[in-house]
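Okay, so here's the structure we're looking at.
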Amino acid sequence: MSSASSLAQVVAALERRYPPSTAEEWDAVGLVCGDPAAEVRRVLWAVDPVEEVVDEAIAADVDLVITHHPLFLTGVHSVASTTAKGRIVHRLISSGIALYCAHTNADVADPGVSDALAAALGVTATRPVVAAEAGPVGLGRIGELPQSMTLADFADVVATALPPTRHGVRVAGDVARTVRRVAVCGGSGDSLLAPATAQGADVLVTADLKHHRALEHLEDGGCAIIDVAHWASEWPWLDQAARLLAEDLSAEGTTVESVVSARPTDPWAMTLRGEL
Ligand SMILES: [Zn+2]
């Protein structure tokens, strides 16, 4: 008979998959609020720890919210409910809900954020775009599609595989070119433009690309680019991580039930296009 997990057990299982020591130095991962002795029956997984996600957590009657993005990245001297982040802390604690974040430590893990994105797009036989020197696997993944297709057709695959967003899917490069070797990076992956090209990628799928970076990369003969919503690029990780947590806890004889938030938390509300 399996029993409910304690928050301490859940945190220990998460930190075996995503050791905090593998997070970037500037990052702030781990337990934000919650009592390690408390029981965790239900978990809500989300990309961003924002107010709407707290609403969802309270409505879903969960004991823990696990997000990819941290709530605080810089030091704070107040969590008064007069600020948005302070309100989030207040509402979580007064509802008995813990908050845990796994960010860049989930990016470099194997399997991690980019493995989930690659799998969602049908990219297999993946290896890191930038391998880590020790410990974790590294940033981004590069692999192959089961068959060659045009960049335009692959953009359709991306748009269908990822959840819809107002941001949509933007494509840079010759849409008629053939693609087979695909690099992916969940979140802001413009630092991988050159390494992906150097590894022979036909296209890099990532988020948050800027005008000059993208233009100069293409002018230098770099790979094509598919720019998706930041939220959508990291969303496939939630389901992957929820499955791994359930497996890890079940091996210890405890259980948790997971709910994955499908609410896009990108800031963009509309995309308008003029006629070209
Ligand atoms: Zn991100």
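Chain lettering (A, B, ...) mirrors the order of the structure tokens, residue numbering begins at 1 for each chain separately, and ligand numbering begins at 1 in order of display.
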All strand (DSSP E) residues (DSSP, backbone) inside stretch 42-234 of chain A, as a ChimeraX atom specification: /A:42-46,64-67,98-101,124-131,138-150,170-172,178-188,203-207,224-228
Could you give me, as CSV, every chain A residue with an atom at most 10 Å from ligand 1, plus its closest atom pair and distance in Å to one decimal, counting only C-alpha atoms and all ligand atoms, rows ordered by chain then number?
```
residue,atom,partner,partner_atom_place_in_ligand_line,distance
A:Val47,CA,ligand 1,1 (Zn),7.5
A:Asp48,CA,ligand 1,1 (Zn),8.5
A:His68,CA,ligand 1,1 (Zn),6.9
A:His69,CA,ligand 1,1 (Zn),6.1
A:Pro70,CA,ligand 1,1 (Zn),9.4
A:His103,CA,ligand 1,1 (Zn),7.4
A:Thr104,CA,ligand 1,1 (Zn),8.4
A:Asp107,CA,ligand 1,1 (Zn),8.9
A:Val113,CA,ligand 1,1 (Zn),9.3
A:Cys185,CA,ligand 1,1 (Zn),9.9
A:Gly186,CA,ligand 1,1 (Zn),6.8
A:Gly187,CA,ligand 1,1 (Zn),4.1
A:Ser188,CA,ligand 1,1 (Zn),6.5
A:Gly189,CA,ligand 1,1 (Zn),9.4
A:Ala207,CA,ligand 1,1 (Zn),8.8
A:Asp208,CA,ligand 1,1 (Zn),9.6
A:Ala229,CA,ligand 1,1 (Zn),10.0
A:His230,CA,ligand 1,1 (Zn),6.2
A:Trp231,CA,ligand 1,1 (Zn),6.9
A:Ala232,CA,ligand 1,1 (Zn),9.6
A:Ser233,CA,ligand 1,1 (Zn),8.1
A:Glu234,CA,ligand 1,1 (Zn),6.4
A:Trp235,CA,ligand 1,1 (Zn),9.4
```
Report as CSV: every residue of stretch 201-243 of chain A with an atom at most 6 Å from stretch 161-176 of chain A, its closest pair of atoms, and their distance in Å to one decimal, counting only C-alpha atoms, with rows sorted by chain and ascending residue number.
```
residue,atom,partner,partner_atom,distance
A:Ala224,CA,A:Gly173,CA,4.8
A:Ile225,CA,A:Ala172,CA,5.0
A:Ile226,CA,A:Val171,CA,4.6
A:Asp227,CA,A:Arg170,CA,5.0
A:Val228,CA,A:Val169,CA,4.8
A:Ala229,CA,A:His167,CA,5.6
```
Can you spit out the residues from that selection as a PDB file, in the first residue's frame, using C-alpha atoms?
```pdb
ATOM      1  CA  ALA A 224      16.876  28.540 -39.921  1.00  0.00           C
ATOM      2  CA  ILE A 225      15.050  29.628 -36.757  1.00  0.00           C
ATOM      3  CA  ILE A 226      11.623  28.830 -35.377  1.00  0.00           C
ATOM      4  CA  ASP A 227      10.683  31.229 -32.588  1.00  0.00           C
ATOM      5  CA  VAL A 228       7.852  30.006 -30.361  1.00  0.00           C
ATOM      6  CA  ALA A 229       6.287  31.459 -27.211  1.00  0.00           C
TER       7      ALA A 229
END
```
Spatial neighbours of A:Val65, 7 Å, only C-alpha atoms, chain gap at least 6 places, as a ChimeraX atom specification: /A:43-45,57,98-100
Alpha helix (DSSP H) residues, from DSSP on the backbone, in stretch 76-161 of chain A, as a ChimeraX atom specification: /A:84-94,104-107,113-120,151-161
Could you save those same residues with N, CA and C atoms as a short mmCIF file (atom, residue, chain, number, x, y, z; two decimals), in the first residue's frame?
```
data_model
loop_
_atom_site.label_atom_id
_atom_site.label_comp_id
_atom_site.auth_asym_id
_atom_site.auth_seq_id
_atom_site.Cartn_x
_atom_site.Cartn_y
_atom_site.Cartn_z
N ALA A 84 2.81 42.32 -6.09
CA ALA A 84 2.25 41.12 -6.74
C ALA A 84 2.89 39.85 -6.18
N LYS A 85 4.22 39.86 -6.07
CA LYS A 85 4.89 38.66 -5.57
C LYS A 85 4.58 38.40 -4.09
N GLY A 86 4.50 39.46 -3.32
CA GLY A 86 4.13 39.33 -1.91
C GLY A 86 2.73 38.72 -1.77
N ARG A 87 1.81 39.18 -2.63
CA ARG A 87 0.44 38.63 -2.60
C ARG A 87 0.44 37.14 -2.90
N ILE A 88 1.30 36.75 -3.84
CA ILE A 88 1.38 35.33 -4.20
C ILE A 88 1.84 34.51 -2.99
N VAL A 89 2.88 34.99 -2.29
CA VAL A 89 3.38 34.29 -1.10
C VAL A 89 2.27 34.21 -0.05
N HIS A 90 1.59 35.35 0.20
CA HIS A 90 0.50 35.37 1.20
C HIS A 90 -0.59 34.37 0.86
N ARG A 91 -1.04 34.40 -0.39
CA ARG A 91 -2.17 33.53 -0.77
C ARG A 91 -1.77 32.07 -0.67
N LEU A 92 -0.54 31.75 -1.09
CA LEU A 92 -0.09 30.35 -1.02
C LEU A 92 -0.04 29.89 0.44
N ILE A 93 0.60 30.67 1.29
CA ILE A 93 0.75 30.25 2.69
C ILE A 93 -0.61 30.17 3.37
N SER A 94 -1.47 31.15 3.12
CA SER A 94 -2.76 31.10 3.83
C SER A 94 -3.66 29.99 3.28
N THR A 104 17.09 26.47 -14.08
CA THR A 104 18.21 26.08 -14.95
C THR A 104 18.74 24.69 -14.59
N ASN A 105 18.45 24.22 -13.37
CA ASN A 105 18.83 22.85 -13.02
C ASN A 105 17.95 21.84 -13.77
N ALA A 106 16.73 22.24 -14.14
CA ALA A 106 15.89 21.37 -14.98
C ALA A 106 16.27 21.50 -16.46
N ASP A 107 16.85 22.65 -16.84
CA ASP A 107 17.30 22.83 -18.23
C ASP A 107 18.44 21.88 -18.57
N VAL A 113 14.28 19.97 -19.71
CA VAL A 113 13.32 20.82 -20.44
C VAL A 113 13.45 20.65 -21.96
N SER A 114 14.68 20.63 -22.47
CA SER A 114 14.85 20.53 -23.93
C SER A 114 14.58 19.12 -24.45
N ASP A 115 14.78 18.09 -23.59
CA ASP A 115 14.41 16.73 -24.01
C ASP A 115 12.91 16.64 -24.22
N ALA A 116 12.16 17.29 -23.32
CA ALA A 116 10.69 17.25 -23.44
C ALA A 116 10.25 17.97 -24.70
N LEU A 117 10.91 19.11 -25.02
CA LEU A 117 10.56 19.85 -26.23
C LEU A 117 10.90 19.02 -27.47
N ALA A 118 12.10 18.40 -27.48
CA ALA A 118 12.51 17.57 -28.62
C ALA A 118 11.51 16.43 -28.83
N ALA A 119 11.14 15.77 -27.74
CA ALA A 119 10.22 14.63 -27.84
C ALA A 119 8.87 15.08 -28.39
N ALA A 120 8.40 16.25 -27.94
CA ALA A 120 7.10 16.76 -28.41
C ALA A 120 7.13 17.01 -29.92
N LEU A 151 10.98 23.47 -44.34
CA LEU A 151 10.92 24.28 -43.12
C LEU A 151 9.47 24.68 -42.83
N ALA A 152 8.71 25.00 -43.90
CA ALA A 152 7.30 25.39 -43.71
C ALA A 152 6.50 24.24 -43.10
N ASP A 153 6.73 23.02 -43.60
CA ASP A 153 6.00 21.87 -43.05
C ASP A 153 6.42 21.59 -41.61
N PHE A 154 7.71 21.76 -41.33
CA PHE A 154 8.16 21.53 -39.95
C PHE A 154 7.55 22.58 -39.00
N ALA A 155 7.42 23.82 -39.49
CA ALA A 155 6.79 24.86 -38.67
C ALA A 155 5.35 24.45 -38.32
N ASP A 156 4.68 23.78 -39.26
CA ASP A 156 3.33 23.26 -39.00
C ASP A 156 3.37 22.19 -37.91
N VAL A 157 4.37 21.33 -37.97
CA VAL A 157 4.53 20.29 -36.94
C VAL A 157 4.69 20.95 -35.57
N VAL A 158 5.52 22.01 -35.53
CA VAL A 158 5.76 22.71 -34.27
C VAL A 158 4.47 23.33 -33.76
N ALA A 159 3.75 24.00 -34.67
CA ALA A 159 2.51 24.69 -34.27
C ALA A 159 1.46 23.70 -33.76
N THR A 160 1.46 22.49 -34.33
CA THR A 160 0.48 21.48 -33.91
C THR A 160 0.90 20.80 -32.61
N ALA A 161 2.22 20.60 -32.46
CA ALA A 161 2.70 19.84 -31.30
C ALA A 161 2.66 20.65 -30.01
#
```
Pick from A:Val203, A:Ala241, A:Leu7, A:Met149, whichever lies nearest to A:Thr254 using only C-alpha atoms: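 Among A:Val203, A:Ala241, A:Leu7, A:Met149, it is A:Leu7 that comes nearest to A:Thr254.
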Residue nearest A:Ala214 - candidates A:Leu192, A:Leu139, A:Ile58, A:Leu64, atoms counted: only C-alpha atoms: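 That would be A:Leu192, the residue with the smallest distance to A:Ala214.
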Long-range neighbours of stretch 8-21 of chain A as a ChimeraX atom specification, 9 Å cut-off, only C-alpha atoms, 6 positions minimum in chain: /A:28-31,35-40,100,102-112,136,241,244-245,248-249,254,256
Coordinates-based distance that separates atom CA of A:Asp266 from atom CA of A:Glu24 (Å, one decimal): 22.9 Å
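Of the residues listed (A:Ala201, A:Ala242, A:Val184, A:Met270), A:Ala242 shows the shortest atom-to-atom separation from A:Ala46; distances use only C-alpha atoms.
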Best match for closeness to A:Val129 among A:Thr206, A:Gln199, A:Thr22, A:Ser2, counting only C-alpha atoms: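 Looking only at the distances to A:Val129, the closest residue turns out to be A:Gln199.
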